[in-house]
2 protein chains.
Amino acid sequence: MSEAATPWSTDSARRGTEWLTSQGAEPDVVISSRVRLARNIRQFPFLIKCSDAQREQLLTLVRSGIAQAQLSAHVLWVDVHRLSAIERMLLVERHLISKEHAKGETPRGLAVSIPDERFSVMVNEEDHLRLQVIRSGLALTDAFRQVDEADDRLEGHLDYAYSSRFGYLTACPTNVGTASRMSVMLHLPALRLLGEIDKVTRATKDMGLALRGFYGEGSEVAGDLYQVSNQVTLGKPESIFLHELEHEIIPKVVQYERLARIALLEKRRRYTEDACARALGILRTARLLTPDEAMSLLSLVRLGVLSGLIEGLNEQTVTQLWVQVQQAHLQRVADCEMDQQKRRERRADVVRERLK
Amino acid sequence: MSEAATPWSTDSARRGTEWLTSQGAEPDVVISSRVRLARNIRQFPFLIKCSDAQREQLLTLVRSGIAQAQLSAHVLWVDVHRLSAIERMLLVERHLISKEHAKGETPRGLAVSIPDERFSVMVNEEDHLRLQVIRSGLALTDAFRQVDEADDRLEGHLDYAYSSRFGYLTACPTNVGTASRMSVMLHLPALRLLGEIDKVTRATKDMGLALRGFYGEGSEVAGDLYQVSNQVTLGKPESIFLHELEHEIIPKVVQYERLARIALLEKRRRYTEDACARALGILRTARLLTPDEAMSLLSLVRLGVLSGLIEGLNEQTVTQLWVQVQQAHLQRVADCEMDQQKRRERRADVVRERLK
């Protein structure tokens with residue numbers, strides 16, 4: 001396992017993330033699929049009760065376990081608490097760590113498979129371990145299989161806290177049980193344009209699912225991107241829930257969004273052409289862009305490209321920009337810190353250059 | 001004097017108007033100057049008291065007077081009450097007749113010098129005659145001289161109602177006296193962007209001037225275009241008022257707007273570049289445009305061209321579009337009637353084509 005004090009150099013920040021490559025199943029609507037498992041080590045108290053010394057011990061123990069388990073050809077280890085603010089934010093923007101994990105100064109780590117970044121482990125987040133697999137498109141079963149396999153291997157080297165009555169024990173009771181969270185990132189511009197997002201919100205809520213923004217819990221919806229995830233982890237086997245989500249619920253939403261796209265083209269074609277063409281027009285000319293505006297306009301351009309209303313533009317170029325316009329990526333690629341005004345200028349410059 | 005039942009064919013509607021050619025003095029800020037005189041014929045009551053028969057007699061009398069006076073090489077006569085709604089609106093959009101003149105079905109006419117459209121007479125509007133000269137740039141003295149000369153000639157053929165005590169008698173008491181209205185159309189995008197339009201509004205009000213929108217009394221401001229005109233016509237000789245307006249008041253506003261443009265370029269350059277470039281970006285890509293949005297965006301593009309922020313675009317092309325995007329012009333050029341939705345489509349198509 002290699003180590004890097006400052007991972008994600010200018011070059012790799014410039015590189016896209018694999019989960020934004022629009023590969024896999026239903027890539028027009030399903031951006032990515034993610035499965036996270038929460039695990040804790042039996043010999044240690046939950047993190048809220050851990051001293052700094054115990055947190056250090058945990059880091060060493062888990063890091064060594066990950067190294068022994070040989071989870072991937074190349075796994076990079078990162079001492080998150082030693083990173084600069086921009087480097088941490090960069091990891092958040094690439095969906096490798098949570099905002100909470102980025103914040104603290106107590107010992108905390110990240111292990112991540114490189115260069116694909118598919119598999120990662122946050123160490124000392126809310127739980128001792130949070131294992132994650134993230135994939136492009138609708139690939140929950142694949143993602144689950146991969147994270148499950150990694151979990152099995154790790155269990156050979158680490159002593160997990162497990163109760164035969166409750167299942168895996170977790171810091172937050174809502175995660176107890178299978179302790180897995182599955183989520184799917186959906187791109188729903190047509191439903192929003194038709195004013196039908198509320199129906200999706202209500203339907204997912206009725207099914208016990210959470211609907212969140214691009215950056216997870218508590219984040220605003222941006223770029224018409226919605227994360228659907230399970231709320232309940234107790235009482236239902238993963239396999240059943242996984243099947244429901246991947247083969248029943250998500251396909252319904254996908255179908256719903258596709259019908260909305262067809263309706264836009266058939267019944268409101270001018271309106272849709274106008275929205276998509278203007279979005280590209282603004283992105284190609286603006287000299288100042290906020291992140292929210294950039295994401296919203298990119299959403300419309302993506303819709304335009306996928307609907308055949310915009311030609312001569314690569315869909316991946318557009319999709320990757322969702323992450324590339326985030327502030328840490330902008331600063332890492334430019335290799336300097338910028339205030340909000342400078343970031344807005346830089347964001348507009350980067351977008352103009354990419355969409356030329 | 002020639003006659004046309006349907007003047008302003010497709011071709012001439014496509015042609016720009018002379019007062020939008022940005023010629024004359026201070027053309028960067030002063031779009032046009034206009035002087036209107038109100039005159040009534042002694043033998044007839046004011047129009048509000050006129051029967052249709054009397055209105056017809058007035059038309060014949062005035063038309064004949066205009067023909068005899070030989071006011072211009074080519075004067076076209078139009079029976080406004082025989083025109084279609086679109087043809088009337090076209091005349092309003094070219095600032096040749098007022099909205100009120102366009103509305104009624106009682107006998108009413110227009111005489112206009114062609115092809116320059118500089119000089120015109122509305123017959124049977126609020127007064128029996130409303131003589132108008134409109135010029136590009138700041139040219140009030142010229143416009144006044146021209147309308148005064150035409151008025152003198154006409155007076156040789158028509159018997160004006162004049163009182164040695166009150167001056168020219170007019171239907172509305174606020175016009176009595178010199179019975180002249182002078183107005184200047186200003187383009188003030190920089191003052192608006194800096195939030196300083198209120199200062200102009202207050203200053204002009206303090207000086208007894210009215211500040212109005214692009215289409216005169218009661219019209220909304222659009223495209224950052226403001227009409228400054230005199231409120232009072234009684235008690236002050238025209239020559240003094242004319243001098244004040246042309247050599248003191250308007251030059252101050254012009255200077256104020258120019259300083260604002262410099263301030264934008266020096267202190268808020270990115271912001272200004274962004275506003276102007278986006279405006280052009282939207283106009284070049286939109287598939288739907290309302291008249292207000294089109295006018296506002298054209299205003300920013302004009303500012304961009306004049307400030308050197310936008311290159312490769314002719315300023316006149318942009319300025320002429322202010323009239324070309326109006327609904328009657330769109331329909332006349334397309335030679336068909338259109339509902340609001342179709343007009344928005346057509347407007348966007350015309351603008352895209354022109355600004356390519």
# chains A, B, ... in the order shown; residues from 1 in each chain; ligands from 1
>>> residues_around(residues="Arg352 (chain A)", least_positions_apart="3", cutoff="12 Å", atoms="only C-alpha atoms", output="list in words")
Leu280, Gly281, Ile282, Leu283, Arg284, Thr285, Ala286, Arg287, Leu288, Leu289, Ala294, Leu298, Thr317, Val318, Leu321, Val325, Glu345, Arg346, Arg347, Ala348, Asp349, Leu355 and Lys356 of chain A; Ala277, Arg278 and Gly281 of chain B
>>> write_last_selection(atoms="N, CA and C atoms", output="mmCIF file, in the first residue's frame")
data_model
loop_
_atom_site.group_PDB
_atom_site.id
_atom_site.type_symbol
_atom_site.label_atom_id
_atom_site.label_comp_id
_atom_site.auth_asym_id
_atom_site.auth_seq_id
_atom_site.Cartn_x
_atom_site.Cartn_y
_atom_site.Cartn_z
ATOM 1 N N LEU A 280 -26.104 26.007 -23.081
ATOM 2 C CA LEU A 280 -24.797 25.896 -23.724
ATOM 3 C C LEU A 280 -24.261 27.278 -24.108
ATOM 4 N N GLY A 281 -25.161 28.132 -24.592
ATOM 5 C CA GLY A 281 -24.766 29.495 -24.959
ATOM 6 C C GLY A 281 -24.169 30.243 -23.781
ATOM 7 N N ILE A 282 -24.784 30.111 -22.640
ATOM 8 C CA ILE A 282 -24.272 30.809 -21.447
ATOM 9 C C ILE A 282 -22.947 30.195 -21.001
ATOM 10 N N LEU A 283 -22.884 28.861 -20.946
ATOM 11 C CA LEU A 283 -21.644 28.222 -20.499
ATOM 12 C C LEU A 283 -20.470 28.563 -21.418
ATOM 13 N N ARG A 284 -20.768 28.767 -22.699
ATOM 14 C CA ARG A 284 -19.698 29.064 -23.650
ATOM 15 C C ARG A 284 -19.290 30.533 -23.650
ATOM 16 N N THR A 285 -20.044 31.377 -22.950
ATOM 17 C CA THR A 285 -19.725 32.807 -22.999
ATOM 18 C C THR A 285 -19.515 33.441 -21.625
ATOM 19 N N ALA A 286 -20.067 32.843 -20.579
ATOM 20 C CA ALA A 286 -20.015 33.478 -19.250
ATOM 21 C C ALA A 286 -18.576 33.704 -18.801
ATOM 22 N N ARG A 287 -18.376 34.777 -18.062
ATOM 23 C CA ARG A 287 -17.070 35.100 -17.474
ATOM 24 C C ARG A 287 -17.086 34.919 -15.970
ATOM 25 N N LEU A 288 -18.254 34.617 -15.431
ATOM 26 C CA LEU A 288 -18.424 34.363 -13.995
ATOM 27 C C LEU A 288 -19.457 33.254 -13.851
ATOM 28 N N LEU A 289 -19.155 32.254 -13.031
ATOM 29 C CA LEU A 289 -20.132 31.186 -12.811
ATOM 30 C C LEU A 289 -20.096 30.724 -11.361
ATOM 31 N N ALA A 294 -23.511 26.695 -12.681
ATOM 32 C CA ALA A 294 -22.757 25.824 -13.594
ATOM 33 C C ALA A 294 -23.390 24.437 -13.635
ATOM 34 N N LEU A 298 -25.100 22.734 -16.870
ATOM 35 C CA LEU A 298 -24.521 21.485 -17.374
ATOM 36 C C LEU A 298 -25.597 20.406 -17.466
ATOM 37 N N THR A 317 -17.696 14.734 -21.582
ATOM 38 C CA THR A 317 -17.038 16.015 -21.290
ATOM 39 C C THR A 317 -17.941 16.851 -20.388
ATOM 40 N N VAL A 318 -19.218 16.844 -20.743
ATOM 41 C CA VAL A 318 -20.201 17.620 -19.988
ATOM 42 C C VAL A 318 -20.361 17.047 -18.582
ATOM 43 N N LEU A 321 -17.640 17.548 -16.030
ATOM 44 C CA LEU A 321 -17.526 18.922 -15.532
ATOM 45 C C LEU A 321 -18.283 19.134 -14.216
ATOM 46 N N VAL A 325 -15.957 21.460 -11.920
ATOM 47 C CA VAL A 325 -16.255 22.857 -11.585
ATOM 48 C C VAL A 325 -16.336 23.090 -10.074
ATOM 49 N N GLU A 345 -14.541 33.259 -11.572
ATOM 50 C CA GLU A 345 -13.863 33.589 -12.833
ATOM 51 C C GLU A 345 -13.239 32.333 -13.438
ATOM 52 N N ARG A 346 -12.495 31.612 -12.579
ATOM 53 C CA ARG A 346 -11.795 30.417 -13.032
ATOM 54 C C ARG A 346 -12.781 29.368 -13.550
ATOM 55 N N ARG A 347 -13.885 29.203 -12.816
ATOM 56 C CA ARG A 347 -14.913 28.225 -13.208
ATOM 57 C C ARG A 347 -15.433 28.525 -14.615
ATOM 58 N N ALA A 348 -15.714 29.795 -14.857
ATOM 59 C CA ALA A 348 -16.207 30.189 -16.181
ATOM 60 C C ALA A 348 -15.134 29.930 -17.242
ATOM 61 N N ASP A 349 -13.879 30.243 -16.908
ATOM 62 C CA ASP A 349 -12.787 30.031 -17.871
ATOM 63 C C ASP A 349 -12.629 28.547 -18.209
ATOM 64 N N LEU A 355 -15.796 23.415 -23.268
ATOM 65 C CA LEU A 355 -16.977 23.283 -24.143
ATOM 66 C C LEU A 355 -16.802 23.991 -25.480
ATOM 67 N N LYS A 356 -15.612 24.463 -25.756
ATOM 68 C CA LYS A 356 -15.339 25.166 -27.019
ATOM 69 C C LYS A 356 -15.788 24.349 -28.215
ATOM 70 N N ALA B 277 -21.133 39.405 -22.513
ATOM 71 C CA ALA B 277 -20.870 38.171 -23.254
ATOM 72 C C ALA B 277 -22.036 37.188 -23.141
ATOM 73 N N ARG B 278 -22.602 37.055 -21.931
ATOM 74 C CA ARG B 278 -23.769 36.194 -21.754
ATOM 75 C C ARG B 278 -24.937 36.665 -22.600
ATOM 76 N N GLY B 281 -24.364 35.588 -25.939
ATOM 77 C CA GLY B 281 -24.469 34.122 -25.942
ATOM 78 C C GLY B 281 -25.923 33.666 -25.979
#
>>> select_by_dssp(residues="region 222-317 of chain B", states="alpha helix (DSSP H)", output="JSON, numbers by chain")
{"B": [238, 239, 240, 241, 242, 243, 244, 250, 251, 252, 253, 254, 255, 256, 257, 258, 259, 260, 261, 262, 263, 264, 265, 266, 267, 269, 270, 271, 272, 273, 274, 275, 276, 277, 278, 279, 280, 281, 282, 283, 291, 292, 293, 294, 295, 296, 297, 298, 299, 300, 301, 302, 303, 304, 305, 306, 315, 316, 317]}
>>> residues_around(residues="Phe46 (chain B)", least_positions_apart="5", cutoff="12 Å", atoms="only C-alpha atoms", output="list in words")
Ala38, Arg39, Asn40, Ile41, Ser51, Gln54, Arg55, Leu58, Asn124, Glu125, Glu126, Asp127, His128, Leu129, Ala161, Leu169, Thr170, Ala171, Cys172 and Pro173 of chain B
>>> residues_around(residues="region 193-201 of chain A", least_positions_apart="5", cutoff="10 Å", atoms="only C-alpha atoms", output="ChimeraX atom specification")
/A:188,206,209-212,224,226,228,252-253,256-257,260-261,263-264,268,271-272,275,300
>>> write_last_selection(atoms="C-alpha atoms", output="compact mmCIF listing (two decimals), in the first residue's frame")
# COMPACT_ATOMS: atom_id res chain seq x y z
CA LEU A 188 -33.72 13.88 -13.66
CA ASP A 206 -43.52 6.26 0.64
CA LEU A 209 -36.21 5.77 0.70
CA ALA A 210 -34.34 9.03 1.15
CA LEU A 211 -33.94 11.52 -1.70
CA ARG A 212 -30.89 13.76 -1.40
CA ASP A 224 -30.98 17.95 -11.29
CA TYR A 226 -30.76 13.17 -6.91
CA VAL A 228 -31.91 7.76 -3.76
CA LYS A 252 -39.53 2.77 -12.56
CA VAL A 253 -37.93 6.17 -11.96
CA TYR A 256 -40.53 7.91 -15.69
CA GLU A 257 -37.64 10.26 -16.56
CA ALA A 260 -40.65 12.90 -19.49
CA ARG A 261 -37.78 13.41 -21.96
CA ALA A 263 -42.84 14.28 -23.70
CA LEU A 264 -40.56 17.33 -23.73
CA ARG A 268 -42.66 21.11 -25.77
CA TYR A 271 -39.18 25.15 -25.05
CA THR A 272 -36.73 22.30 -24.55
CA ALA A 275 -33.55 25.71 -22.51
CA LEU A 300 -29.54 21.06 -19.38
>>> closest_residue(among="B:Leu191, B:Ile310, B:Gln227, B:Ile86", to="Ile262 (chain B)", atoms="only C-alpha atoms")
B:Leu191
>>> atom_distance(atom1="CA of Asp79 (chain A)", atom2="CA of Leu96 (chain A)")
13.4 Å
>>> residues_around(residues="Arg63 (chain B)", least_positions_apart="4", cutoff="9 Å", atoms="only C-alpha atoms", output="short mmCIF file (atom, residue, chain, number, x, y, z; two decimals) with all heavy atoms, in the first residue's frame")
data_model
loop_
_atom_site.label_atom_id
_atom_site.label_comp_id
_atom_site.auth_asym_id
_atom_site.auth_seq_id
_atom_site.Cartn_x
_atom_site.Cartn_y
_atom_site.Cartn_z
N LEU B 58 -61.68 67.45 -42.15
CA LEU B 58 -60.35 67.82 -41.66
C LEU B 58 -59.26 67.07 -42.42
O LEU B 58 -58.26 67.66 -42.85
CB LEU B 58 -60.24 67.50 -40.17
CG LEU B 58 -60.60 68.63 -39.21
CD1 LEU B 58 -60.84 68.11 -37.80
CD2 LEU B 58 -59.47 69.68 -39.19
N LEU B 59 -59.46 65.75 -42.57
CA LEU B 59 -58.48 64.93 -43.30
C LEU B 59 -58.22 65.51 -44.68
O LEU B 59 -57.07 65.71 -45.09
CB LEU B 59 -58.99 63.50 -43.48
CG LEU B 59 -58.73 62.47 -42.39
CD1 LEU B 59 -58.89 61.06 -42.97
CD2 LEU B 59 -57.33 62.62 -41.82
N ALA B 67 -50.02 68.71 -49.15
CA ALA B 67 -49.61 68.53 -50.54
C ALA B 67 -49.15 69.85 -51.15
O ALA B 67 -48.11 69.94 -51.80
CB ALA B 67 -50.75 67.93 -51.36
N GLN B 68 -49.92 70.90 -50.89
CA GLN B 68 -49.59 72.22 -51.45
C GLN B 68 -48.30 72.78 -50.84
O GLN B 68 -47.53 73.47 -51.50
CB GLN B 68 -50.74 73.20 -51.22
CG GLN B 68 -51.94 72.94 -52.12
CD GLN B 68 -53.21 73.61 -51.59
OE1 GLN B 68 -53.12 74.59 -50.86
NE2 GLN B 68 -54.35 73.06 -51.95
N TRP B 77 -49.02 59.56 -48.05
CA TRP B 77 -50.23 59.76 -47.25
C TRP B 77 -50.83 58.40 -46.89
O TRP B 77 -50.92 57.51 -47.73
CB TRP B 77 -51.27 60.58 -48.00
CG TRP B 77 -52.54 60.70 -47.21
CD1 TRP B 77 -53.65 59.90 -47.30
CD2 TRP B 77 -52.81 61.62 -46.16
NE1 TRP B 77 -54.60 60.26 -46.39
CE2 TRP B 77 -54.11 61.33 -45.66
CE3 TRP B 77 -52.08 62.68 -45.58
CZ2 TRP B 77 -54.69 62.05 -44.63
CZ3 TRP B 77 -52.67 63.40 -44.55
CH2 TRP B 77 -53.95 63.08 -44.08
N GLY B 109 -55.33 60.27 -40.22
CA GLY B 109 -54.33 60.10 -41.26
C GLY B 109 -52.91 60.28 -40.79
O GLY B 109 -52.65 60.68 -39.64
N LEU B 110 -52.00 59.96 -41.69
CA LEU B 110 -50.57 60.17 -41.45
C LEU B 110 -49.93 60.60 -42.75
O LEU B 110 -50.16 59.99 -43.80
CB LEU B 110 -49.92 58.87 -40.96
CG LEU B 110 -48.38 58.86 -40.96
CD1 LEU B 110 -47.83 59.77 -39.86
CD2 LEU B 110 -47.85 57.44 -40.80
N ALA B 111 -49.15 61.67 -42.68
CA ALA B 111 -48.30 62.03 -43.81
C ALA B 111 -46.87 61.84 -43.34
O ALA B 111 -46.52 62.24 -42.23
CB ALA B 111 -48.53 63.49 -44.19
N VAL B 123 -52.70 63.29 -38.41
CA VAL B 123 -53.88 64.13 -38.55
C VAL B 123 -55.04 63.48 -37.79
O VAL B 123 -55.27 62.27 -37.91
CB VAL B 123 -54.24 64.30 -40.05
CG1 VAL B 123 -55.41 65.27 -40.20
CG2 VAL B 123 -53.02 64.80 -40.82
#
